[in-house]
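Take a look at the structure below.
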Amino acid sequence: MTRRAIYPGSFDPITNGHLDIIERSAKLFDEVIVSVLVNEDKNPMFSTQERVELIQTVSRWSNVTVGTFEGLLVHYAVEQGAQVIVRGIRAVSDYEYELQMALMNRRLEPRVETVFMMSAEAYSYLSSRLIKEVFRLGGAISGLVPPEVEEQMKKMFTRE
Ligand SMILES: Nc1ncnc2c1ncn2[C@@H]1O[C@H](COP(=O)(O)OP(=O)(O)OP(=O)(O)O)[C@@H](O)[C@H]1O
Ligand SMILES: [Mg+2]
């Protein structure tokens, strides 16, 4: 049986913390679908399509693909034939929300298991939101996001 995992998120934009989770998931599962949630955030920095393209550019593992979804995650997981949802846990603050979601998702769809991966130490304080905030205020974000993401953000900034 093909072990297929979904790694869902808003990825606005993808960070090195996300990439670390993707790389480790790609070793554990036969296939990983990084899945961008459409319309989660009302005012995203990048459009869904831009986020998908950035993820495709920076995640070059042969068993990793990128998709988008709307609506219930467990419906999408079943539709994609995935048995697993991967989520990253950074600090205790992630835990409560993630536990709640995992339990609700299990109730909705017991066939899909949520698997948590601890953040890499070096990226445990990283979030897309913080990256955008630091960047907008002129702080350095190199080493925290892939170079392609940083370049794209610089372009966005001059557009804004
Ligand atoms: N630095 C990181 N290390 C490990 N997991 C992470 C990291 N950043 C995000 N994740 C996990 O990746 C998944 C997708 O997260 P999401 O797209 O919300 O990213 P985010 O960085 O939290 O963005 P935002 O700041 O917009 O909430 C979640 O399970 C989240 O916990
Ligand atoms: Mg988040």
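Residue numbering restarts at 1 for every chain of the structure tokens, chains are lettered A, B, ... in their displayed order, and ligands are numbered from 1 as they appear.
Close contacts of Asn16 (chain A), defined as residues with an atom at most 9 Å away when counting only C-alpha atoms, with chain neighbours fewer than 3 positions off set aside, comprise Leu19, Asp20, Ile21, Tyr123, Leu126, Gly143, Leu144, Val145 and Pro146 of chain A.
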Deliver the residues from the most recent selection as a file, using all heavy atoms, as an mmCIF file, in the first residue's frame.
data_model
loop_
_atom_site.group_PDB
_atom_site.id
_atom_site.type_symbol
_atom_site.label_atom_id
_atom_site.label_comp_id
_atom_site.auth_asym_id
_atom_site.auth_seq_id
_atom_site.Cartn_x
_atom_site.Cartn_y
_atom_site.Cartn_z
ATOM 1 N N LEU A 19 10.109 23.603 5.296
ATOM 2 C CA LEU A 19 10.933 22.733 4.433
ATOM 3 C C LEU A 19 11.537 21.576 5.214
ATOM 4 O O LEU A 19 11.635 20.462 4.705
ATOM 5 C CB LEU A 19 12.066 23.550 3.797
ATOM 6 C CG LEU A 19 11.798 24.138 2.417
ATOM 7 C CD1 LEU A 19 13.065 24.798 1.897
ATOM 8 C CD2 LEU A 19 11.322 23.066 1.430
ATOM 9 N N ASP A 20 11.925 21.857 6.438
ATOM 10 C CA ASP A 20 12.482 20.811 7.294
ATOM 11 C C ASP A 20 11.442 19.715 7.543
ATOM 12 O O ASP A 20 11.751 18.521 7.482
ATOM 13 C CB ASP A 20 12.951 21.457 8.604
ATOM 14 C CG ASP A 20 13.347 20.421 9.648
ATOM 15 O OD1 ASP A 20 14.319 19.689 9.393
ATOM 16 O OD2 ASP A 20 12.665 20.330 10.682
ATOM 17 N N ILE A 21 10.209 20.132 7.802
ATOM 18 C CA ILE A 21 9.126 19.152 8.023
ATOM 19 C C ILE A 21 8.871 18.358 6.733
ATOM 20 O O ILE A 21 8.667 17.141 6.758
ATOM 21 C CB ILE A 21 7.819 19.870 8.479
ATOM 22 C CG1 ILE A 21 8.031 20.611 9.807
ATOM 23 C CG2 ILE A 21 6.649 18.884 8.562
ATOM 24 C CD1 ILE A 21 8.070 19.747 11.041
ATOM 25 N N TYR A 123 14.649 26.226 13.906
ATOM 26 C CA TYR A 123 13.513 26.911 13.289
ATOM 27 C C TYR A 123 12.298 26.975 14.199
ATOM 28 O O TYR A 123 11.204 27.325 13.757
ATOM 29 C CB TYR A 123 13.128 26.194 11.983
ATOM 30 C CG TYR A 123 14.261 26.062 11.008
ATOM 31 C CD1 TYR A 123 14.548 24.846 10.398
ATOM 32 C CD2 TYR A 123 15.061 27.164 10.686
ATOM 33 C CE1 TYR A 123 15.593 24.720 9.496
ATOM 34 C CE2 TYR A 123 16.112 27.050 9.795
ATOM 35 C CZ TYR A 123 16.367 25.829 9.204
ATOM 36 O OH TYR A 123 17.403 25.713 8.323
ATOM 37 N N LEU A 126 10.174 30.112 14.207
ATOM 38 C CA LEU A 126 9.791 30.673 12.912
ATOM 39 C C LEU A 126 8.328 30.484 12.572
ATOM 40 O O LEU A 126 7.792 29.401 12.718
ATOM 41 C CB LEU A 126 10.551 29.942 11.801
ATOM 42 C CG LEU A 126 11.936 30.391 11.422
ATOM 43 C CD1 LEU A 126 12.316 29.736 10.106
ATOM 44 C CD2 LEU A 126 11.956 31.893 11.307
ATOM 45 N N GLY A 143 18.430 32.878 5.507
ATOM 46 C CA GLY A 143 18.691 31.743 6.380
ATOM 47 C C GLY A 143 17.424 31.229 7.048
ATOM 48 O O GLY A 143 17.412 30.148 7.617
ATOM 49 N N LEU A 144 16.361 32.026 6.985
ATOM 50 C CA LEU A 144 15.096 31.619 7.603
ATOM 51 C C LEU A 144 14.074 31.165 6.562
ATOM 52 O O LEU A 144 13.176 30.385 6.855
ATOM 53 C CB LEU A 144 14.510 32.774 8.431
ATOM 54 C CG LEU A 144 15.443 33.354 9.502
ATOM 55 C CD1 LEU A 144 14.773 34.504 10.238
ATOM 56 C CD2 LEU A 144 15.862 32.265 10.488
ATOM 57 N N VAL A 145 14.240 31.680 5.352
ATOM 58 C CA VAL A 145 13.408 31.243 4.222
ATOM 59 C C VAL A 145 14.350 30.879 3.072
ATOM 60 O O VAL A 145 15.490 31.365 3.036
ATOM 61 C CB VAL A 145 12.423 32.352 3.752
ATOM 62 C CG1 VAL A 145 11.405 32.674 4.832
ATOM 63 C CG2 VAL A 145 13.172 33.609 3.325
ATOM 64 N N PRO A 146 13.902 30.048 2.121
ATOM 65 C CA PRO A 146 14.757 29.744 0.975
ATOM 66 C C PRO A 146 15.066 31.037 0.205
ATOM 67 O O PRO A 146 14.234 31.957 0.190
ATOM 68 C CB PRO A 146 13.903 28.798 0.122
ATOM 69 C CG PRO A 146 12.857 28.267 1.043
ATOM 70 C CD PRO A 146 12.618 29.332 2.070
#
Protein and nucleic acid residues within 12 Å of ligand 2 (only C-alpha atoms and all ligand atoms) as a tab-separated table (two decimals) with N, CA, C and O atoms, in the first residue's frame:
chain	number	residue	atom	x	y	z
A	8	PRO	N	-0.69	20.03	5.32
A	8	PRO	CA	-1.50	21.21	5.01
A	8	PRO	C	-1.02	22.47	5.74
A	8	PRO	O	-0.44	22.39	6.82
A	9	GLY	N	-1.30	23.60	5.13
A	9	GLY	CA	-0.97	24.86	5.78
A	9	GLY	C	-1.27	26.01	4.86
A	9	GLY	O	-1.75	25.81	3.73
A	10	SER	N	-0.97	27.22	5.33
A	10	SER	CA	-1.19	28.36	4.43
A	10	SER	C	0.09	28.71	3.67
A	10	SER	O	0.02	29.26	2.57
A	11	PHE	N	1.23	28.41	4.25
A	11	PHE	CA	2.51	28.59	3.54
A	11	PHE	C	2.62	29.95	2.87
A	11	PHE	O	2.96	30.06	1.69
A	12	ASP	N	2.33	31.00	3.64
A	12	ASP	CA	2.34	32.37	3.08
A	12	ASP	C	3.45	33.20	3.71
A	12	ASP	O	3.16	34.08	4.51
A	13	PRO	N	4.70	32.99	3.37
A	13	PRO	CA	5.23	32.02	2.40
A	13	PRO	C	5.84	30.81	3.12
A	13	PRO	O	5.89	30.78	4.36
A	14	ILE	N	6.33	29.86	2.32
A	14	ILE	CA	7.03	28.70	2.86
A	14	ILE	C	8.34	29.17	3.53
A	14	ILE	O	9.01	30.06	3.02
A	15	THR	N	8.63	28.58	4.69
A	15	THR	CA	9.85	28.94	5.44
A	15	THR	C	10.77	27.72	5.53
A	15	THR	O	10.37	26.60	5.18
A	17	GLY	N	11.49	26.31	8.20
A	17	GLY	CA	10.84	25.42	9.17
A	17	GLY	C	9.90	24.45	8.47
A	17	GLY	O	9.87	23.25	8.75
A	18	HIS	N	9.10	24.96	7.52
A	18	HIS	CA	8.22	24.10	6.72
A	18	HIS	C	9.04	23.10	5.92
A	18	HIS	O	8.71	21.91	5.85
A	37	LEU	N	-3.88	25.75	1.75
A	37	LEU	CA	-5.27	26.07	2.05
A	37	LEU	C	-5.66	27.35	1.33
A	37	LEU	O	-5.01	28.39	1.46
A	40	GLU	N	-7.60	30.99	3.44
A	40	GLU	CA	-7.60	30.91	4.90
A	40	GLU	C	-7.42	32.31	5.48
A	40	GLU	O	-8.13	32.73	6.37
A	41	ASP	N	-6.45	32.98	4.90
A	41	ASP	CA	-6.09	34.30	5.38
A	41	ASP	C	-6.73	35.31	4.42
A	41	ASP	O	-6.61	35.17	3.22
A	87	ARG	N	1.56	17.44	10.76
A	87	ARG	CA	1.58	18.80	11.28
A	87	ARG	C	2.87	19.01	12.06
A	87	ARG	O	3.42	18.08	12.65
A	88	GLY	N	3.35	20.22	12.06
A	88	GLY	CA	4.56	20.55	12.81
A	88	GLY	C	4.19	21.18	14.14
A	88	GLY	O	3.22	21.94	14.23
A	89	ILE	N	4.95	20.86	15.16
A	89	ILE	CA	4.73	21.46	16.47
A	89	ILE	C	5.98	22.24	16.85
A	89	ILE	O	7.08	21.70	16.89
A	90	ARG	N	5.81	23.53	17.11
A	90	ARG	CA	6.95	24.35	17.52
A	90	ARG	C	7.00	24.45	19.03
A	90	ARG	O	7.81	23.82	19.68
A	91	ALA	N	6.11	25.23	19.59
A	91	ALA	CA	6.14	25.43	21.04
A	91	ALA	C	4.86	24.88	21.64
A	91	ALA	O	3.97	24.42	20.93
A	93	SER	N	2.54	26.46	22.62
A	93	SER	CA	1.43	27.25	22.09
A	93	SER	C	0.79	26.58	20.87
A	93	SER	O	-0.40	26.76	20.62
A	94	ASP	N	1.56	25.82	20.07
A	94	ASP	CA	0.96	25.10	18.94
A	94	ASP	C	0.12	23.93	19.42
A	94	ASP	O	-0.82	23.51	18.77
A	95	TYR	N	0.50	23.37	20.55
A	95	TYR	CA	-0.04	22.09	20.98
A	95	TYR	C	-1.56	22.10	21.17
A	95	TYR	O	-2.27	21.23	20.66
A	97	TYR	N	-4.03	24.03	20.06
A	97	TYR	CA	-4.79	24.16	18.82
A	97	TYR	C	-4.68	22.89	17.99
A	97	TYR	O	-5.68	22.38	17.47
A	98	GLU	N	-3.47	22.37	17.90
A	98	GLU	CA	-3.25	21.17	17.08
A	98	GLU	C	-3.98	19.96	17.66
A	98	GLU	O	-4.51	19.13	16.92
A	125	TYR	N	11.23	28.90	16.35
A	125	TYR	CA	10.57	30.19	16.61
A	125	TYR	C	10.02	30.81	15.33
A	125	TYR	O	9.47	31.91	15.34
A	126	LEU	N	10.17	30.11	14.21
A	126	LEU	CA	9.79	30.67	12.91
A	126	LEU	C	8.33	30.48	12.57
A	126	LEU	O	7.79	29.40	12.72
A	127	SER	N	7.70	31.54	12.08
A	127	SER	CA	6.37	31.41	11.50
A	127	SER	C	6.32	32.32	10.28
A	127	SER	O	7.07	33.30	10.20
A	128	SER	N	5.44	32.03	9.36
A	128	SER	CA	5.29	32.88	8.18
A	128	SER	C	4.93	34.30	8.60
A	128	SER	O	5.43	35.28	8.04
A	129	ARG	N	4.06	34.38	9.60
A	129	ARG	CA	3.62	35.70	10.06
A	129	ARG	C	4.80	36.53	10.56
A	129	ARG	O	4.95	37.70	10.19
A	130	LEU	N	5.66	35.90	11.35
A	130	LEU	CA	6.81	36.62	11.91
A	130	LEU	C	7.80	37.02	10.81
A	130	LEU	O	8.36	38.13	10.83
A	131	ILE	N	7.99	36.13	9.85
A	131	ILE	CA	8.88	36.42	8.72
A	131	ILE	C	8.40	37.68	7.98
A	131	ILE	O	9.17	38.59	7.68
Backbone-only DSSP, strand (DSSP E) members of region 67-140 of chain A, as number ranges by chain: A: 67-69, 84-89, 113-118
Print the selection's residues with C-alpha atoms to a file, as a compact mmCIF listing (two decimals), in the first residue's frame.
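Below is the file that was written, part.txt:
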# COMPACT_ATOMS: atom_id res chain seq x y z
CA GLY A 67 -1.78 20.84 -4.20
CA THR A 68 -4.50 23.17 -2.93
CA PHE A 69 -7.65 22.53 -0.98
CA VAL A 84 -1.93 10.65 7.21
CA ILE A 85 -2.01 14.37 7.99
CA VAL A 86 1.38 15.78 9.00
CA ARG A 87 1.58 18.80 11.28
CA GLY A 88 4.56 20.55 12.81
CA ILE A 89 4.73 21.46 16.47
CA GLU A 113 -4.30 9.74 11.34
CA THR A 114 -2.58 13.00 12.34
CA VAL A 115 1.17 12.70 12.83
CA PHE A 116 3.07 15.45 14.63
CA MET A 117 6.68 16.30 14.03
CA MET A 118 8.70 18.44 16.37
Non-local contacts of Lys155 (chain A) (12 Å; only C-alpha atoms; under 6 positions in same chain excluded) as a PyMOL selection string: chain A and resi 45-46+148-149
Could you write out that same residue set with C-alpha atoms as a CSV table (one decimal), in the first residue's frame?
chain,number,residue,atom,x,y,z
A,45,MET,CA,1.1,38.3,0.9
A,46,PHE,CA,1.2,35.7,-1.9
A,148,GLU,CA,13.9,32.1,-3.8
A,149,VAL,CA,11.3,33.2,-1.3
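Taking only C-alpha atoms and all ligand atoms into account, ligand 1 lies nearest to A:Ser124 out of the set A:Gln152, A:Ser59, A:Ser124, A:Gln83.
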Thr2 (chain A) surroundings by only C-alpha atoms, 10 Å radius, close-in-sequence under 4 positions cut, as a list in words: Phe29, Asp30, Glu31, Gly81, Ala82 and Gln83 of chain A
Residue list (helix (DSSP H, G or I), DSSP) for chain A, as a ChimeraX atom specification: /A:16-28,48-58,73-79,92-108,121-123,128-136,147-159
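Using only C-alpha atoms and all ligand atoms, the smallest distance between any of A:Ala120, A:Val92, A:Val66, A:Leu28 and ligand 1 comes from A:Ala120.
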